[in-house]
Amino acid sequence: TREPTPETTADPAPLRIALVMKSLANEFFINMADGARRHQAANADQYELVVNGIRNESDLAQQVALVEQMMATGVDAIVIAPADSKGLLPVARRAAAQGIVVVNIDNRFDREILAGMDISIPFVGPDNRAGARKVGDVLAAELKAGDQVAIIGGNPGAFNAQQRQAGFEDAMRAADIEIVSVQAADWEQARAANVAAAILGENPELKALLCANDSMALGAVAAVRQSGRAGEVLIVGFDNISAANSLVQSGEMLATANQYGDQLAVFGIEYALEILASGQAPADRDTPVDVVKAGAGQ
Amino acid sequence: MTAGEPPLLAIDALHKQFAVPVLRGIDFTLRAGEIHALMGSNGAGKSTLCNLIAGIHRPDSGNMRLSGQPYQPASLHSAEASGVRMVMQELNLFPTLSIAENLCFNRLGNRAGVINHQALRDSARAALARLNLDELDPDTPVSALGVGKQQLVEIARVLAQPVRLLILDEPTAALTDPQIDQLFGQLDILRSAGIGIIYISHRMSEIQRVADRVSILRDGALIATENADEMDVERMVHLMAGPAMARIPPKTPTTIAATAASNGSATKPGHVVLKIEQLGRQGAFTDINLELRAGEVLGIGGLIGSGRTELLRTLFGADTADTGGIRLAADDFSRLQQLRNPAEAIAAGIGLVVEDRKGQGLLLDKSIALNIGLGQLGTLHNRLGIVNDKAIADNSAEICRQLDIKHDDLQQPVAQLSGGNQQKVLIGRWLLRDLQILLFDEPGRGVDARSKLLIQELIRDLAAQGKAVIVVSSETEELLALADRVVVLSNGRLAGEFTADTVSEQALLEASFRFYTTAGQKVAPPLEIS
Amino acid sequence: MSPSIVGRIRLPWNSLGLVAVLLVLILLFSSLSDYFFSAVTFRTLANQIPTLTVVAVGMTFVLLIAGIDLSVGSVMALCAAVMGVLMADSGWPLVPALLASLLTGLACGSFSGLVSARWAIPSFVVTLGMLEIARGGAYLVTGSETKYLGPAVGRIGEPIAGLGLSPALIGAIVVVALAQFILVKTVFGRYMIAIGTNEEAVRLSGINTVRWKVVVFAIAGVLAALGGVFQLGYLQSADPNAGIGLELSAIAAVVIGGTSLSGGRGSVVNTFLGVLIIAVMQTGLAQLGVSEPGKRIITGLVIIGAVLFDQYREPLGKLLTRRYEPKRGIS
Amino acid sequence: MSPSIVGRIRLPWNSLGLVAVLLVLILLFSSLSDYFFSAVTFRTLANQIPTLTVVAVGMTFVLLIAGIDLSVGSVMALCAAVMGVLMADSGWPLVPALLASLLTGLACGSFSGLVSARWAIPSFVVTLGMLEIARGGAYLVTGSETKYLGPAVGRIGEPIAGLGLSPALIGAIVVVALAQFILVKTVFGRYMIAIGTNEEAVRLSGINTVRWKVVVFAIAGVLAALGGVFQLGYLQSADPNAGIGLELSAIAAVVIGGTSLSGGRGSVVNTFLGVLIIAVMQTGLAQLGVSEPGKRIITGLVIIGAVLFDQYREPLGKLLTRRYEPKRGIS
Ligand SMILES: Nc1ncnc2c1ncn2[C@@H]1O[C@H](COP(=O)(O)OP(=O)(O)OP(=O)(O)O)[C@@H](O)[C@H]1O
Ligand SMILES: Nc1ncnc2c1ncn2[C@@H]1O[C@H](COP(=O)(O)OP(=O)(O)OP(=O)(O)O)[C@@H](O)[C@H]1O
Ligand SMILES: [Mg+2]
Ligand SMILES: [Mg+2]
């Protein structure tokens with residue numbers, strides 16, 4: 001129907017790009033998807049977009065299946081935010097082998113393994129570890145050496161959970177602040193609240209809680225409030241979902257990290273289009289991660 | 001022992017206690033090649049004794065010898081291994097397995113554990129043939145059979161295997177005469193083959209027909225063993241009841257007139273309360289037309305599987321009819337309707353005492369009080385919905401007295417009661433409700449002679465109070481004793497109606513066969529009934 | 001088991017084993033952590049249990065009639081979401097929003113109950129479907145965003161001055177008491193037990209089993225909603241991903257409380273004890289900072305251990321069960 | 001629904017309803033998406049179903065004996081993890097690692113079976129415990145990170161040249177065929193059904209029900225392990241978080257296949273159809289790029305709808321069940 005773009009005279013159909021995400025059930029990825037859709041609407045003449053996410057962020061098999069289903073629908077490019085930095089590589093490779101352009105966003109494929117493969121998959125996205133480090137540094141600035149903090153992590157084994165935890169630890173170590181406890185709360189608000197409450201009970205001296213995402217940060221806020229130590233215990237999160245943002249503005253949270261999710265997918269798509277056009281794979285590109293603090297930008 | 005060689009089974013000083021002592025020092029012998037009847041009122045301990053012999057329970061003390069050898073079965077299985085087999089009082093089939101698989105359950109496959117269904121079917125057919133059940137397809141799942149047929153399959157299962165000592169615990173409770181004759185035919189064969197048979201039944205006539213010797217149990221004690229021909233009905237009833245004499249003198253009314261008279265309710269036909277018109281249900285019965293009058297007891301006879309249970313269930317709204325319907329006096333019979341569920345039936349003043357007490361009647365592991373009071377809960381509570389436990393307990397106690405239900409405590413689970421007493425609990429539930437029309441499906445099932453008379457009297461009283469009653473019974477005696485009018489179902493169709501002067505066992509029997517044509521379903525002409 | 005469930009007489013005795021397990025856990029954690037046995041910890045617990053408690057009470061009723069409700073987690077999320085959106089976006093005041101949320105729960109529960117009772121579909125399947133549907137609904141109404149409400153709902157979860165107990169906790173305790181009363185004293189309670197024991201027998205004694213089953217699921221739905229409200233008060237925000245896996249925790253609590261999965265036997269009080277056992281264990285493990293694998297393994301062992309212990313505290317009970325319920329729905 | 005499911009005679013007839021549902025779905029998606037009805041799609045499906053299939057077969061056996069196994073997801077993850085670690089870190093070759101993984105599954109299954117059968121603890125509780133334990137184990141062995149194996153295990157999942165089918169798929173189909181044979185043609189199969197309907201009677205006829213129940217759970221464990229192996233081949237890596245919620249999908253497949261949750265009635269072939277229905281639905285929805293809420297809601301409705309349809313395809317069947325199996329374990 002649409003006018004074929006010059007670089008695809010080979011096939012008359014418009015380009016089809018699949019965006020495969022970790023989940024479509026939380027704000028961060030919803031923003032990502034919306035950003036992508038807006039971009040597609042603006043460039044409707046260039047490509048069609050199919051957006052998919054898995055029901056449970058840790059279900060690799062289902063995401064692999066998604067990629068295959070997209071391959072089945074003969075897309076020209078797949079922009080993927082992998083649920084795991086290793087588990088998704090084989091299928092990505094198969095896609096690439098079929099001549100489908102694969103672009104990796106949000107969380108990075110494992111470098112060594114990728115290197116070991118005969119393909120190159122460009123990465124566009126934030127460095128979770130660096131981002132967490134930044135947030136950690138902002139927190140450290142509020143604390144003094146020797147203070148006690150605790151980390152509430154995501155699903156153990158989830159790649160970005162590990163990255164963010166590592167980033168937090170880097171920052172704390174740098175400011176030699178003591179991490180008294182590291183516990184997982186599976187990205188979940190209620191679970192985080194319970195874990196945080198327990199940690200607070202066990203550590204009367206606790207000065208801060210570092211949470212690997214904002215949902216858990218919200219839980220931590222509740223726990224701190226209930227323990228009557230609001231103000232004494234600082235809380236930082238990650239992702240800058242709107243609820244967390246308002247808490248940061250109101251000062252109940254110290255800071256969170258903004259990865260510009262809405263841009264992320266767009267960058268990926270632009271990369272894909274570029275490769276489809278030029279056949280050249282551009283270099284990896286780290287997108288910015290900014291710390292959101294009270295008063296600072298949304 | 002008279003003869004030199006030891007009896008097939010010798011029991012002495014057997015004790016068994018559950019909550020209370022159930023068997024106290026039983027001495028008992030069974031000779032090879034005899035049919036030994038075991039009689040006793042409900043809860044006397046018959047089933048328990050047999051359960052001990054069959055290895056289901058273990059005695060507390062006392063010992064058993066099987067043809068001289070010490071015999072202590074560790075389980076039903078080990079008992080069967082030594083040739084002792086039992087048909088239990090309650091059904092123990094696997095509903096979702098086929099008849100064939102049930103019949104051959106403990107010898108299903110070859111050494112590799114693989115089943116040869118053809119072989120299975122063949123041996124099943126053979127087993128069924130012995131009870132003249134050729135019309136049953138071995139592949140039918142047992143759940144598709146009526147209770148009576150399931151009982152026959154159960155018997156066939158036991159008969160199908162080699163046996164030295166056979167125990168039958170009320171095998172005929174759900175059977176009709178032709179099958180009973182068939183069964184007795186088999187028993188005679190076994191007897192002459194030198195098999196010892198323990199036979200439990202509450203039906204005097206049967207005892208006199210088949211038994212060589214009779215032993216009477218009372219309250220867990222074996223109080224007499226005599227030759228059957230030396231023992232008449234009065235004596236048996238007397239022994240079972242014991243010195244604490246039965247409230248009502250034992251009697252076996254034989255004709256409708258007799259009953260009617262004996263109950264003082266000269267059968268004056270009241271006004272019609274229910275009209276059944278062209279009622280039919282796929283695979284069970286067709287084109288049933290009947291009128292039911294206040295103050296009458298309508299008996300329904302027929303062979304097993306003739307559709308009686310289904311007819312009652314349909315009247316009660318438990319199953320849906322495919323054709324026709326009923327008219328009620330409430331709206332002057334203006335509306336031909338079908339009750340959609342039991343709740344509607346009760347609203348319309350109809351109650352049903354079901355046939356399958358275990359599966360569809362009782363809450364086995366719940367208290368006697370709850371089981372009897374279940375139907376009343378809806379009324380016995382205050383505005384807040386708080387149950388009036390006192391009232392329920394009182395009612396239950398009263399019912400237990402009326403039907404003399406042998407129990408230790410109203411909070412006792414019904415499962416702990418003997419079969420007959422369980423049946424009485426079920427009946428009690430319905431006596432407590434004041435309904436205009438009551439349907440009884442095999443009310444006397446497993447109930448001892450005296451209680452049976454009690455129940456019959458109660459039913460007559462209901463009629464006398466102007467209620468209308470339908471009684472399905474496979475026991476011709478019971479029908480004659482109870483009913484003002486008897487209709488017979490044959491293969492799901494009405495096959496005749498009888499009143500006091502036209503009825504006879506022979507007539508009922510002939511009617512029962514009327515609509516069975518195919519060779520398979522035709523049953524051998526019945527023997528004369530002594 | 002024995003008739004005792006019907007007569008309240010033996011209830012306390014039945015609870016003994018659970019109380020023992022609970023005490024053991026408390027002693028254990030107190031000895032392992034200097035801070036466990038403290039007001040703080042118990043305030044923490046008091047904040048956590050209301051949601052699980054009310055949901056588990058609803059689950060107890062459902063299991064009593066030999067049903068199951070897998071949808072409680074999603075339904076809770078949906079109801080919290082509805083309340084959150086109404087307050088945050090549509091600016092409704094607390095009470096009407098709260099009622100709307102309870103109504104949502106009522107609707108979900110009634111739907112599940114109606115479909116499964118009226119058409120005799122296993123409730124497992126119907127509520128499995130509802131689990132998906134309600135979760136989808138939660139995403140829809142929130143646009144998959146966590147709704148932050150702030151102090152507006154705070155008072156639900158904050159201790160009432162002087163009393164030291166939060167409305168949520170009080171509400172939960174009232175629910176437990178009321179439910180136990182209903183179960184033991186009222187006709188409805190008897191019907192639940194009877195239906196769970198032998199539904200057909202109950203139907204054939206002229207009781208409208210369909211209606212009562214629907215009522216039970218409706219109650220479970222409302223209680224799930226209430227749980228959502230409590231959580232909303234606690235977290236001051238509505239998360240569309242809340243309550244994932246809640247059904248298993250709830251069932252675990254109920255079963256630890258000795259309620260039979262095949263229906264006809266159970267006690268709300270014991271369910272509450274089950275909830276406490278789970279909550280104490282989670283808090284304790286978190287306070288000790290046990291590693292994630294450790295937490296999982298210990299949790300698993302405690303679940304099995306608690307039931308095993310409870311079972312054998314009263315071997316006679318077991319024999320009776322063995323003897324009279326050869327056919328367990330889910331053995 | 002009708003008892004006849006067990007007799008092989010009526011099997012085809014019983015499967016009709018499911019086949020119908022399946023065809024409807026396929027037609028629907030084909031009409032909605034230009035890409036759905038293509039060889040590629042079906043190859044995709046072929047890659048996805050093996051794991052769910054074998055796990056669901058194990059679940060069918062467990063439900064047949066009126067049990068339930070909630071631990072399959074975690075056990076699968078644990079077994080895949082064991083295999084992954086052995087190959088990646090300890091450098092074991094494929095076959096021994098595979099055997100070790102199956103043994104792990106066997107151990108987990110036998111443990112659950114033994115505890116629940118020997119001490120008459122509801123399998124729901126025991127396997128709920130095992131769900132936590134095995135997950136913890138998976139975290140332990142992998143150190144909570146995904147193990148990448150690469151092509152070493154790839155061939156399990158890759159289509160065999162010429163044949164076009166992957167060993168995994170072939171394996172899954174063999175399992176289905178074998179299991180159906182066992183169920184219908186062997187003594188063991190009949191015992192499962194008998195235990196599911198009247199365990200006591202089976203025990204009385206001198207059969208060691210405990211042993212058979214343990215065997216059933218052991219089989220379920222091994223099949224969960226096999227599912228893990230297949231997934232390992234598919235992902236070429238072992239993820240300790242794999243299989244979360246798998247138990248529900250498996251049970252959904254089994255129940256859609258018409259197996260009774262209260263035991264005694266079921267068919268492996270129909271379970272397989274249930275798996276296909278679920279897989280087709282997921283693939284179709286993904287290809288259409290339906291929104292997450294949409295996916296959830298549609299999935300839920302299809303689950304309920306499929307069972308409802310299957311139930312009423314044969315209303316007589318329902319009456320039979322009504323009349324002769326009043327006490328449904330989980331109704
Ligand atoms: N498991 C049990 N626990 C407690 N009491 C029991 C148990 N089984 C049987 N009883 C009691 O033992 C007594 C004898 O029961 P049994 O079944 O042997 O009577 P029966 O002679 O067979 O009566 P029926 O003619 O009604 O079958 C009854 O009082 C019954 O309540
Ligand atoms: N749900 C059913 N499905 C198939 N056949 C049935 C069903 N219910 C009853 N039948 C058959 O229909 C006939 C009527 O059964 P029903 O139980 O009503 O007979 P009955 O006269 O009461 O004899 P009994 O109850 O003593 O077996 C029997 O052949 C029975 O096997
Ligand atoms: Mg008896
Ligand atoms: Mg009948």
# chains A, B, ... in the order shown; residues from 1 in each chain; ligands from 1
$ interface_residues --of "chain C" --to "chain B" --cutoff "7 Å" --atoms "only C-alpha atoms" --output "JSON list (two decimals) with N, CA, C and O atoms, in the first residue's frame"
[["chain", "number", "residue", "atom", "x", "y", "z"],
["C", 2, "SER", "N", -12.83, -35.64, 62.79],
["C", 2, "SER", "CA", -13.93, -35.97, 63.69],
["C", 2, "SER", "C", -15.03, -34.91, 63.54],
["C", 2, "SER", "O", -14.82, -33.88, 62.93],
["C", 3, "PRO", "N", -16.18, -35.17, 64.12],
["C", 3, "PRO", "CA", -17.28, -34.22, 63.99],
["C", 3, "PRO", "C", -16.95, -32.88, 64.64],
["C", 3, "PRO", "O", -17.62, -31.89, 64.44],
["C", 185, "LYS", "N", -21.44, -21.23, 64.11],
["C", 185, "LYS", "CA", -22.75, -21.01, 64.73],
["C", 185, "LYS", "C", -23.92, -20.95, 63.75],
["C", 185, "LYS", "O", -25.05, -21.20, 64.14],
["C", 186, "THR", "N", -23.66, -20.60, 62.52],
["C", 186, "THR", "CA", -24.81, -20.28, 61.67],
["C", 186, "THR", "C", -25.13, -21.40, 60.68],
["C", 186, "THR", "O", -24.30, -22.27, 60.41],
["C", 187, "VAL", "N", -26.32, -21.29, 60.15],
["C", 187, "VAL", "CA", -26.77, -22.25, 59.15],
["C", 187, "VAL", "C", -25.83, -22.25, 57.95],
["C", 187, "VAL", "O", -25.40, -23.29, 57.46],
["C", 194, "ALA", "N", -21.36, -29.03, 55.02],
["C", 194, "ALA", "CA", -22.11, -30.14, 54.39],
["C", 194, "ALA", "C", -21.79, -30.21, 52.90],
["C", 194, "ALA", "O", -21.49, -31.28, 52.37],
["C", 197, "THR", "N", -18.63, -31.73, 52.21],
["C", 197, "THR", "CA", -18.54, -33.16, 52.52],
["C", 197, "THR", "C", -19.18, -34.00, 51.44],
["C", 197, "THR", "O", -18.61, -34.99, 50.97],
["C", 198, "ASN", "N", -20.39, -33.62, 51.04],
["C", 198, "ASN", "CA", -21.09, -34.40, 50.02],
["C", 198, "ASN", "C", -22.14, -33.53, 49.35],
["C", 198, "ASN", "O", -23.30, -33.51, 49.76],
["C", 200, "GLU", "N", -23.75, -33.57, 46.59],
["C", 200, "GLU", "CA", -24.95, -34.17, 46.02],
["C", 200, "GLU", "C", -25.97, -34.46, 47.12],
["C", 200, "GLU", "O", -27.16, -34.19, 46.96],
["C", 201, "ALA", "N", -25.49, -34.97, 48.23],
["C", 201, "ALA", "CA", -26.41, -35.27, 49.33],
["C", 201, "ALA", "C", -27.12, -34.01, 49.80],
["C", 201, "ALA", "O", -28.32, -34.01, 50.07],
["C", 203, "ARG", "N", -27.64, -31.30, 47.98],
["C", 203, "ARG", "CA", -28.58, -30.90, 46.92],
["C", 203, "ARG", "C", -29.85, -31.72, 47.03],
["C", 203, "ARG", "O", -30.95, -31.20, 46.96],
["C", 204, "LEU", "N", -29.67, -33.03, 47.27],
["C", 204, "LEU", "CA", -30.83, -33.92, 47.30],
["C", 204, "LEU", "C", -31.64, -33.77, 48.58],
["C", 204, "LEU", "O", -32.71, -34.34, 48.70],
["C", 205, "SER", "N", -31.11, -33.03, 49.55],
["C", 205, "SER", "CA", -31.99, -32.76, 50.69],
["C", 205, "SER", "C", -32.61, -31.38, 50.53],
["C", 205, "SER", "O", -33.02, -30.75, 51.50],
["C", 206, "GLY", "N", -32.64, -30.92, 49.31],
["C", 206, "GLY", "CA", -33.46, -29.76, 48.97],
["C", 206, "GLY", "C", -32.82, -28.42, 49.23],
["C", 206, "GLY", "O", -33.50, -27.40, 49.26],
["C", 207, "ILE", "N", -31.50, -28.41, 49.43],
["C", 207, "ILE", "CA", -30.82, -27.14, 49.67],
["C", 207, "ILE", "C", -30.25, -26.64, 48.36],
["C", 207, "ILE", "O", -29.68, -27.41, 47.58],
["C", 208, "ASN", "N", -30.39, -25.34, 48.12],
["C", 208, "ASN", "CA", -29.94, -24.77, 46.86],
["C", 208, "ASN", "C", -28.44, -24.57, 46.89],
["C", 208, "ASN", "O", -27.93, -23.49, 47.20],
["C", 324, "TYR", "N", -12.38, -43.16, 57.04],
["C", 324, "TYR", "CA", -13.69, -42.75, 56.51],
["C", 324, "TYR", "C", -13.61, -41.85, 55.31],
["C", 324, "TYR", "O", -14.62, -41.50, 54.75]]
$ residues_near_ligand --ligand "ligand 2" --cutoff "6 Å" --atoms "only C-alpha atoms and all ligand atoms" --output "VMD selection string"
(chain B and resid 144 to 149 174 283 to 284 303 to 310) or (chain D and resid 320)
$ atom_distance --atom1 "atom CA of D:Ser38" --atom2 "atom CA of A:Asp59"
25.4 Å
$ select_by_dssp --residues "stretch 22-209 of chain C" --states "helix (DSSP H, G or I)" --output "tab-separated table (two decimals) with C-alpha atoms, in the first residue's frame"
chain	number	residue	atom	x	y	z
C	22	LEU	CA	4.27	-20.55	66.26
C	23	LEU	CA	5.94	-20.36	69.67
C	24	VAL	CA	8.85	-22.48	68.49
C	25	LEU	CA	9.41	-20.12	65.56
C	26	ILE	CA	9.24	-17.04	67.79
C	27	LEU	CA	11.64	-18.53	70.34
C	28	LEU	CA	13.98	-19.61	67.57
C	29	PHE	CA	14.16	-16.20	65.93
C	30	SER	CA	14.35	-14.41	69.26
C	31	SER	CA	17.37	-16.48	70.17
C	32	LEU	CA	18.98	-15.88	66.77
C	39	ALA	CA	7.81	-3.96	69.75
C	40	VAL	CA	9.18	-2.89	66.37
C	41	THR	CA	9.00	-6.40	64.97
C	42	PHE	CA	5.47	-6.86	66.15
C	43	ARG	CA	4.41	-3.53	64.71
C	44	THR	CA	5.97	-4.71	61.46
C	45	LEU	CA	3.99	-7.94	61.64
C	46	ALA	CA	0.83	-6.04	62.52
C	47	ASN	CA	1.28	-4.04	59.32
C	48	GLN	CA	1.85	-7.06	57.15
C	49	ILE	CA	-0.78	-9.56	58.21
C	50	PRO	CA	-4.10	-7.78	57.58
C	51	THR	CA	-4.08	-8.36	53.82
C	52	LEU	CA	-3.03	-12.01	53.93
C	53	THR	CA	-5.41	-12.62	56.82
C	54	VAL	CA	-8.61	-11.46	55.16
C	55	VAL	CA	-7.69	-13.12	51.87
C	56	ALA	CA	-6.93	-16.37	53.69
C	57	VAL	CA	-10.26	-16.21	55.52
C	58	GLY	CA	-12.05	-16.02	52.18
C	59	MET	CA	-9.92	-18.89	50.92
C	60	THR	CA	-10.87	-20.93	53.99
C	61	PHE	CA	-14.54	-20.68	53.08
C	62	VAL	CA	-13.82	-21.61	49.48
C	63	LEU	CA	-11.76	-24.65	50.46
C	64	LEU	CA	-14.45	-25.65	52.95
C	72	VAL	CA	-7.45	-13.72	44.82
C	73	GLY	CA	-4.11	-12.11	43.99
C	74	SER	CA	-5.25	-10.58	40.72
C	75	VAL	CA	-8.63	-9.61	42.13
C	76	MET	CA	-6.89	-7.88	45.02
C	77	ALA	CA	-4.69	-5.97	42.58
C	78	LEU	CA	-7.70	-5.02	40.45
C	79	CYS	CA	-9.73	-3.78	43.41
C	80	ALA	CA	-6.82	-1.77	44.82
C	81	ALA	CA	-6.28	-0.36	41.34
C	82	VAL	CA	-9.92	0.67	41.01
C	83	MET	CA	-9.80	2.44	44.36
C	84	GLY	CA	-6.47	4.02	43.53
C	85	VAL	CA	-7.57	5.34	40.15
C	86	LEU	CA	-10.87	6.65	41.50
C	87	MET	CA	-9.07	8.58	44.22
C	88	ALA	CA	-5.95	9.67	42.38
C	94	LEU	CA	-12.05	7.62	50.45
C	95	VAL	CA	-15.32	5.97	51.39
C	96	PRO	CA	-17.08	5.88	48.03
C	97	ALA	CA	-13.86	4.72	46.37
C	98	LEU	CA	-13.55	2.03	49.01
C	99	LEU	CA	-17.10	0.84	48.37
C	100	ALA	CA	-16.49	0.80	44.63
C	101	SER	CA	-13.46	-1.36	45.26
C	102	LEU	CA	-15.41	-3.81	47.42
C	103	LEU	CA	-18.13	-3.95	44.76
C	104	THR	CA	-15.50	-4.83	42.17
C	105	GLY	CA	-14.40	-7.71	44.36
C	106	LEU	CA	-17.99	-8.79	44.83
C	107	ALA	CA	-18.48	-8.81	41.08
C	108	CYS	CA	-15.36	-10.85	40.38
C	109	GLY	CA	-16.18	-13.38	43.11
C	110	SER	CA	-19.80	-13.73	42.10
C	111	PHE	CA	-18.80	-14.27	38.49
C	112	SER	CA	-16.37	-17.05	39.36
C	113	GLY	CA	-18.88	-18.61	41.72
C	114	LEU	CA	-21.75	-18.42	39.29
C	115	VAL	CA	-19.87	-19.91	36.36
C	116	SER	CA	-18.39	-22.73	38.40
C	117	ALA	CA	-21.49	-23.56	40.43
C	118	ARG	CA	-24.15	-23.02	37.80
C	123	SER	CA	-13.61	-23.68	40.31
C	124	PHE	CA	-9.92	-24.28	39.73
C	125	VAL	CA	-10.42	-23.58	36.04
C	126	VAL	CA	-12.83	-20.70	36.40
C	127	THR	CA	-10.67	-18.88	38.93
C	128	LEU	CA	-7.59	-19.62	36.86
C	129	GLY	CA	-9.36	-17.75	34.08
C	130	MET	CA	-10.36	-15.00	36.49
C	131	LEU	CA	-6.73	-14.75	37.58
C	132	GLU	CA	-5.82	-13.70	34.04
C	133	ILE	CA	-8.88	-11.53	33.49
C	134	ALA	CA	-8.57	-9.55	36.71
C	135	ARG	CA	-4.86	-9.00	36.14
C	136	GLY	CA	-5.63	-7.69	32.69
C	137	GLY	CA	-8.25	-5.47	34.25
C	138	ALA	CA	-5.73	-4.12	36.76
C	139	TYR	CA	-3.38	-3.18	33.93
C	140	LEU	CA	-6.23	-1.57	32.03
C	141	VAL	CA	-7.53	0.65	34.80
C	142	THR	CA	-4.08	1.80	35.91
C	151	PRO	CA	-1.59	10.18	53.10
C	152	ALA	CA	-5.14	10.28	51.70
C	153	VAL	CA	-5.38	6.54	52.35
C	154	GLY	CA	-2.67	6.46	54.99
C	155	ARG	CA	-4.95	6.33	57.96
C	156	ILE	CA	-6.20	2.90	56.95
C	157	GLY	CA	-2.78	1.55	57.77
C	167	PRO	CA	-7.84	0.14	61.37
C	168	ALA	CA	-6.58	-2.49	58.94
C	169	LEU	CA	-5.46	-4.80	61.74
C	170	ILE	CA	-8.68	-4.26	63.67
C	171	GLY	CA	-10.66	-4.91	60.51
C	172	ALA	CA	-8.76	-8.12	59.88
C	173	ILE	CA	-9.34	-9.37	63.42
C	174	VAL	CA	-13.04	-8.53	63.21
C	175	VAL	CA	-13.22	-10.47	59.94
C	176	VAL	CA	-11.59	-13.49	61.56
C	177	ALA	CA	-13.93	-13.42	64.55
C	178	LEU	CA	-16.99	-12.92	62.39
C	179	ALA	CA	-16.01	-15.67	59.97
C	180	GLN	CA	-15.33	-18.14	62.76
C	181	PHE	CA	-18.69	-17.29	64.25
C	182	ILE	CA	-20.43	-17.79	60.91
C	183	LEU	CA	-18.65	-21.09	60.39
C	184	VAL	CA	-19.43	-22.55	63.79
C	185	LYS	CA	-22.75	-21.01	64.73
C	187	VAL	CA	-26.77	-22.25	59.15
C	188	PHE	CA	-24.55	-20.92	56.39
C	189	GLY	CA	-21.57	-22.40	58.18
C	190	ARG	CA	-23.21	-25.81	58.41
C	191	TYR	CA	-24.16	-25.65	54.75
C	192	MET	CA	-20.56	-24.93	53.78
C	193	ILE	CA	-19.34	-27.92	55.77
C	194	ALA	CA	-22.11	-30.14	54.39
C	195	ILE	CA	-21.55	-29.06	50.79
C	196	GLY	CA	-17.85	-29.69	51.18
C	197	THR	CA	-18.54	-33.16	52.52
C	198	ASN	CA	-21.09	-34.40	50.02
C	199	GLU	CA	-22.55	-31.79	47.72
C	200	GLU	CA	-24.95	-34.17	46.02
C	201	ALA	CA	-26.41	-35.27	49.33
C	202	VAL	CA	-26.98	-31.66	50.28
C	203	ARG	CA	-28.58	-30.90	46.92
C	204	LEU	CA	-30.83	-33.92	47.30
C	209	THR	CA	-26.24	-25.60	46.71
$ closest_atom_pairs --of "stretch 136-203 of chain A" --to "stretch 289-296 of chain C" --cutoff "10 Å" --atoms "only C-alpha atoms" --output "Markdown table"
| residue | atom | partner | partner_atom | distance |
| --- | --- | --- | --- | --- |
| A:Asn155 | CA | C:Glu292 | CA | 9.7 |
| A:Pro156 | CA | C:Glu292 | CA | 7.7 |
| A:Val180 | CA | C:Gly289 | CA | 8.9 |
| A:Ser181 | CA | C:Gly289 | CA | 6.3 |
| A:Val182 | CA | C:Gly289 | CA | 7.4 |
| A:Gln183 | CA | C:Gly289 | CA | 6.9 |
| A:Ala184 | CA | C:Glu292 | CA | 6.7 |
| A:Ala185 | CA | C:Glu292 | CA | 9.3 |
| A:Val195 | CA | C:Gly289 | CA | 9.1 |
| A:Ala198 | CA | C:Gly289 | CA | 8.8 |
| A:Ile199 | CA | C:Gly289 | CA | 7.7 |
| A:Glu202 | CA | C:Gly289 | CA | 9.0 |
$ interface_residues --of "chain A" --to "chain D" --cutoff "9 Å" --atoms "only C-alpha atoms" --output "PyMOL selection string"
chain A and resi 23-25+50-56+58-62+64-66+68-74+84-91+113+155-159+162
$ residues_near_ligand --ligand "ligand 1" --cutoff "6 Å" --atoms "only C-alpha atoms and all ligand atoms" --output "MDAnalysis selection string"
chainID B and resid 18:19 22 41:48 406:407 416:421
$ residues_around --residues "A:Arg38" --least-positions-apart "3" --cutoff "12 Å" --atoms "only C-alpha atoms" --output "list in words"
Asn31, Met32, Ala33, Asp34, Gly35, Ala41, Ala42, Asn43, Ala44, Glu48, Leu49, Asp262, Gln263, Ala265, Val266 and Ile269 of chain A
